[in-house]
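A.B. asks: Just dropping this structure here.
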Amino acid sequence: MRSVILSAAARLLFPLLLLFSVFLLFRGHNDPGGGFVGGLVAATAYALLSLTGGVSSARRVLPARPEVLVGTGLLLALGSGLPSLAAGRPFMTGLWAGFALPVVGKPGTPVLFDTGVYVTVLGIVLLILFTLQEEDEA
Amino acid sequence: MTVLLALAIGVLYAAGTYLLLRRSAVRVVFGLALLGHAANLLVFTAGRLVREGPPIVPPGALAPPTPSADPLPQALVLTAIVIGFGVQAFALVLLRRACQEAGTDDVDAMREERP
Amino acid sequence: MIAAVLSGFAVALLAPALAKRLGRGAGAVLALYPAALFFRFLSRVPAVVAGETPSASLPFVPELGISLSFRLDGLALLMALLVTGIGAIVLVYAGTYLEGHPRRGPLLGLLVAFLSAMAGLVLCDDLLALFAFWEATSILSYFLIGFEREEAEARAAALQALLVTGGGGLALLAGFVLLGQAGGTLEVSALAANAEALKAHPLYLPALLLVLAGAFTKSAQVPFHFWLPGAMAAPTPVSAYLHSATMVKAGVFLLARLHPALGGTREWVWVVTSVGAATMLTGALLSVGQRDLKRLLAFSTVSALGSLTMLVGVGTPAALGAAMVFLLAHALYKAALFLVAGILDHEAGTRDATRLGGLLPLLPATGVAAMAAAFSMAGLPPLLGFVSKELLYDAALRASPLPFVLVPVAVGSNMLLVAVALTVGFGPFTGPRGATSKLPHEAPVAMWAGPALLGFGSLAAGVFSGALSPFLSAAASSALGHPYGVRLELWHGFSLVLLKSLVTLVVGVALYRGRHRLRAFAERFAPLGALGPARLWRAGLAGLVSVAKGTAAFLSSGSLRQDVRVVVVAAVALLGPLLLSRGTFGAADALPSVRPIEAVLALLVVAGAVGAVVAGSRLSAVVGLGVTGYGIALLFLVFGAPDLSMTQFAVETLSVLLFVAVLRRLPRLRSRSAPRSRAVDAALAAAVGALMAGLVLAVHAGPLRSRLSGFFAESSLPLAKGRNVVNVILVDFRGLDTLGEITVLAVAALGVLSLVRLRLAAKGTAGAKEGGR
């Protein structure tokens, strides 16, 4: 599936989709969106690249290997539950900062958790897709 | 509308079950996917159909307007959708391995040998 | 108290490391733990005798009223002292006995863990906690009996003991649950306070029978007695501890513990007394034909457990008093005799009673200890066994049910047991030297000290039995449910009871002198043993296994389609009638109107599914699936679930990409099934579809009452600072669930990775091999 038009479109769409996915992630707490959808949309962006330009081109723009992303995401989600322990509250009690950031809003542990979900889902989908495609290419 | 969706869910279950019972292994995987859809729709419908809008708290309010859709089945289904994708991918790969090992995609021929 | 007892499980974990570091001293170091517990319990004796019951409680599942509560009454104290005291002795002994054994550390650890479980069992007041400790002792006993795991006999004996006591444990649990229903509480003390209502409850009899089944299996009562002689495959210190002094007493202990709540009814008296008497006689009769010291002791233990059960069954104050005294006397002499049997095995290389003799000059300390214990068992004054036997005869004589049966049973069994006692503890040390394979010499002090201490205890407790009265009275009082004073005396005056004791001794000694002829006589009946319950048990077990195999072959045939059919048929057959009989399909709570767009979407979903079924090619099936998926995504959007809709869209898109990635490699679709089989499958599928559609309608028959949804909707913003309730549930309220779910997903992804990588790796090595050629 190496069509010139498609790969040009994919390269154009890629940053847009990625940006959209991050937007979905952060608005998720108050509006439709969230880590699951965000991660899936981000994965779609990379999937488009890998389908048009091969897995290697998609891997090149990925900050880490999918396996690493999965682990990082899970650790992030798990770690977001720890601050509450330090505060003497039950595991995973939501804690919020007293100030707000632009776009993200008030940073809190649930946002960190959702980011973990995002990274994990992205890693999982790409792990599956890349593995299958590479078997195909092999 | 609930009755209509109940019928649609029934068709999805029937189609999924029928495919699950086929000898062609690929159809079994398709059947799994259909059953996943059926289950998601079942849970969603069981939580009651509401046209009024999503369970989102409007600015200035403390709770979502009533009536609005029930958030709990939605949360359950949301993860189920994503997990369904994982299951489907795993089933596909497993199917391919099984076909490669057995040299056939006939489920009956893959039958495990029992003493 | 709770922490002190449960910390044994932690101490047990240290045992292997200690054994490696300290060698033979490890047993003695570990023994410090039970010894400390022993003295701690000992210090409570004055308080308990004075009528106090120190207690401690730890809430476990307070919502269900389950807590770990310990109560130290007289009965618990007696058992706890035995468990910890003999435990300490056995640990010291085992450290030396098993010197050089490669797995000495684990054995010591198991013994310590067992000690904690047993102490927990006797102390706890809550029936569910008691059950947990009860099962723990069964399981630990399994590992201890099967400790010599290379020996098939040991493994078989361990499994048999586990199945018998484990099966009894299940009955016990059921009995406890019924008791909880009938009595409204699972606290033993509260059940006892409400005994009259409990005994009048319709569930009383089933609960009683189930509890008795548990107690009888654990305490090796007829017809479940056969596992105990088999358990002699365990190392000797284990037999001494579990299968004479402590664990097998758990059943009797439970009967005594529940006696205030359940005892005294006609059912109790008749069932428990007759089973106990039958066991007492059976054990004594079977012991006569044995040559192996441990088997002799095992059968005599069965007999002793029978007499304890009988006494608790009789249930009079005199009987329970006698039971408590005998409990102590038996634990002291039987543990000592087991340890002596272990020493003889160790030093003389045999446990065959016919080959041992004249060893007193060679093993003086062991010999003296053995004789003290044997004389106590034989009921010779002034040892504790004599006092206990007097009380036993007295209680049997005054028992309300059938004293003319119980007295001959008790006297007859005890005559035989006198012979057994002398055979084990007297015979090996007197008479001409036997033909042993190695020249015996005295055991290390760590081994004979235990029996000596226990033998001395039997003597001291007999001589000063009056001083024990208050303590044993406290135990008897807890088993009775009201205060009672046991009178322990060496000299009761000339009475019928004394006469019986004398006759028992005289006949017993005569039987001992003629023991070889007696054994030869008994051995002639040995083939009859094949007809016993052990055979029945084995046949039942084999039958069970074959039934299980048949069921498994039917339910899990190895054919995917057959298995799915079984599941489908079962689901329809079980759920269908239920739905038809009580389901109201009025759909009262349904959304009645249909908008055109909704109808179109529902049709789209159906059309996609039908397309996927009838599709003749892979691509058209994938298209069908996609239509269904996107249709559902749009339905979600229409009915107020934008989050679901977006997720479904994204997943569908990725699914299509996934299929595109692998489609080329998937096998083509072929139609293989015969038309007939297709028709059957279609009928089954239609039944499932109708069932699920009916289920949806049945769900809508009444209004939805969900307290959770309301809570989430109202608390989302105030508690979790999020306006999107669905997202808040996912990342905050039920975040732990979500964490679990993404972990499941990660596992699925790793499964994909490993399936593919393994395949590639296999290909790689195969290719390399071919290249090498």
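Residues in the structure tokens are named by chain (A, B, ... in the order shown) and by number from 1 within that chain; ligands are numbered from 1 in the order shown.
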Quick one: which residues from chain C are at most 9 Å off chain A, using only C-alpha atoms, as number ranges by chain?

C.D. replies: C: 641-644, 646-648, 650-651, 653-654, 657-658, 661-662, 664-665, 719-728, 730-733, 735-736, 738-739, 742-743, 745-746, 748-750, 752-753, 756-757, 760

A.B. asks: Just the alpha helix (DSSP H) stuff from chain A, please, per backbone DSSP, written as a PyMOL selection string.

C.D. replies: chain A and resi 4-27+35-53+55-61+66-79+82-86+109-137

A.B. asks: Next, dump the selected residues to file, keeping only C-alpha atoms, as a CSV table (one decimal), in the first residue's frame.

C.D. replies:
```
chain,number,residue,atom,x,y,z
A,4,VAL,CA,2.2,8.6,-3.0
A,5,ILE,CA,-1.0,10.5,-2.3
A,6,LEU,CA,-1.8,8.4,0.7
A,7,SER,CA,1.6,8.7,2.2
A,8,ALA,CA,1.6,12.5,1.7
A,9,ALA,CA,-1.8,12.7,3.3
A,10,ALA,CA,-0.6,10.5,6.2
A,11,ARG,CA,2.4,12.8,6.8
A,12,LEU,CA,0.0,15.8,6.8
A,13,LEU,CA,-2.5,14.1,9.1
A,14,PHE,CA,0.0,12.7,11.5
A,15,PRO,CA,0.8,15.8,13.5
A,16,LEU,CA,-2.8,16.9,13.5
A,17,LEU,CA,-4.0,13.5,14.8
A,18,LEU,CA,-1.3,13.5,17.4
A,19,LEU,CA,-2.2,17.0,18.6
A,20,PHE,CA,-5.9,16.0,18.6
A,21,SER,CA,-5.2,13.0,20.7
A,22,VAL,CA,-3.4,15.1,23.4
A,23,PHE,CA,-6.3,17.5,23.3
A,24,LEU,CA,-8.7,14.6,23.8
A,25,LEU,CA,-6.7,13.4,26.7
A,26,PHE,CA,-6.6,16.6,28.7
A,27,ARG,CA,-10.2,17.7,28.0
A,35,GLY,CA,-6.9,8.6,28.0
A,36,PHE,CA,-8.5,5.7,26.2
A,37,VAL,CA,-9.7,7.6,23.2
A,38,GLY,CA,-6.6,9.8,23.2
A,39,GLY,CA,-4.4,6.8,23.1
A,40,LEU,CA,-6.4,5.1,20.4
A,41,VAL,CA,-6.3,8.2,18.2
A,42,ALA,CA,-2.6,8.6,18.7
A,43,ALA,CA,-2.1,5.0,17.8
A,44,THR,CA,-4.2,5.6,14.6
A,45,ALA,CA,-1.8,8.4,13.7
A,46,TYR,CA,1.2,6.1,13.9
A,47,ALA,CA,-0.7,3.3,12.2
A,48,LEU,CA,-1.3,5.5,9.2
A,49,LEU,CA,2.4,6.2,9.0
A,50,SER,CA,3.4,2.6,9.3
A,51,LEU,CA,0.8,1.5,6.7
A,52,THR,CA,2.0,4.0,4.2
A,53,GLY,CA,5.7,4.2,4.9
A,55,VAL,CA,6.9,0.1,10.2
A,56,SER,CA,10.4,1.4,10.4
A,57,SER,CA,9.3,4.9,9.4
A,58,ALA,CA,6.7,4.9,12.1
A,59,ARG,CA,9.2,3.6,14.7
A,60,ARG,CA,11.5,6.4,13.8
A,61,VAL,CA,9.1,9.1,15.0
A,66,PRO,CA,6.0,0.2,22.2
A,67,GLU,CA,7.0,-2.3,24.9
A,68,VAL,CA,8.7,0.5,26.8
A,69,LEU,CA,5.6,2.7,26.3
A,70,VAL,CA,3.4,0.0,27.8
A,71,GLY,CA,5.6,-0.4,30.9
A,72,THR,CA,6.0,3.4,31.3
A,73,GLY,CA,2.2,3.9,31.0
A,74,LEU,CA,1.5,1.2,33.6
A,75,LEU,CA,4.1,2.6,36.0
A,76,LEU,CA,2.7,6.1,35.5
A,77,ALA,CA,-0.9,4.9,36.3
A,78,LEU,CA,0.3,2.9,39.3
A,79,GLY,CA,2.5,5.8,40.4
A,82,LEU,CA,1.2,6.7,45.4
A,83,PRO,CA,1.2,10.4,46.4
A,84,SER,CA,-2.0,9.8,48.3
A,85,LEU,CA,-0.3,7.1,50.3
A,86,ALA,CA,2.4,9.6,51.3
A,109,THR,CA,-3.2,12.7,40.2
A,110,PRO,CA,-6.3,11.6,38.1
A,111,VAL,CA,-4.8,13.5,35.2
A,112,LEU,CA,-1.5,11.7,35.7
A,113,PHE,CA,-3.5,8.4,35.8
A,114,ASP,CA,-5.3,9.2,32.6
A,115,THR,CA,-1.9,10.1,31.0
A,116,GLY,CA,-0.7,6.7,32.1
A,117,VAL,CA,-3.8,5.1,30.4
A,118,TYR,CA,-3.0,7.1,27.2
A,119,VAL,CA,0.6,6.0,27.0
A,120,THR,CA,-0.3,2.4,27.9
A,121,VAL,CA,-3.1,2.2,25.2
A,122,LEU,CA,-0.8,3.8,22.6
A,123,GLY,CA,1.9,1.3,23.4
A,124,ILE,CA,-0.4,-1.7,23.4
A,125,VAL,CA,-2.0,-1.0,20.1
A,126,LEU,CA,1.3,-0.2,18.4
A,127,LEU,CA,2.9,-3.3,19.9
A,128,ILE,CA,0.2,-5.4,18.3
A,129,LEU,CA,0.1,-3.6,15.0
A,130,PHE,CA,3.9,-3.4,14.5
A,131,THR,CA,4.4,-7.0,15.5
A,132,LEU,CA,1.9,-8.2,13.0
A,133,GLN,CA,3.1,-5.9,10.2
A,134,GLU,CA,6.7,-6.8,10.8
A,135,GLU,CA,5.9,-10.5,10.6
A,136,ASP,CA,4.2,-9.6,7.3
A,137,GLU,CA,7.2,-7.8,6.1
```

A.B. asks: Neighbouring residues of stretch 55-59 of chain C were defined as those with any atom within 7 Å, considering only C-alpha atoms; residues of the same chain fewer than 2 positions away were excluded. Please report them as JSON, numbers by chain.

C.D. replies: {"C": [1, 2, 53, 61, 62, 66, 67, 68, 69, 70, 71, 72]}

A.B. asks: What residues in chain C lie within 6 Å of chain B, counting only C-alpha atoms, written as a PyMOL selection string?

C.D. replies: chain C and resi 558-559+561+590-594+606+639-641+644+685-686+688-690+692-693+696+709+713-714+723-726+745+748+752

A.B. asks: What separation in Å, quoted to one decimal, exists between atom CA of C:Val269 and atom CA of C:Met310?

C.D. replies: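 Spanning atom CA of C:Val269 to atom CA of C:Met310 is a straight-line distance of 8.8 Å.
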
A.B. asks: Any idea what's packed within 10 Å of C:Gly611, counting only C-alpha atoms, ignoring anything in its chain fewer than 4 positions away? Could you give it as a PyMOL selection string?

C.D. replies: (chain B and resi 15) or (chain C and resi 605-607+615-616+620-625+627-628)

A.B. asks: If DSSP is run on the backbone, what residues of chain A are strand (DSSP E or B)? A reply as a ChimeraX atom specification would be ideal.

C.D. replies: /A:96,101,105,108
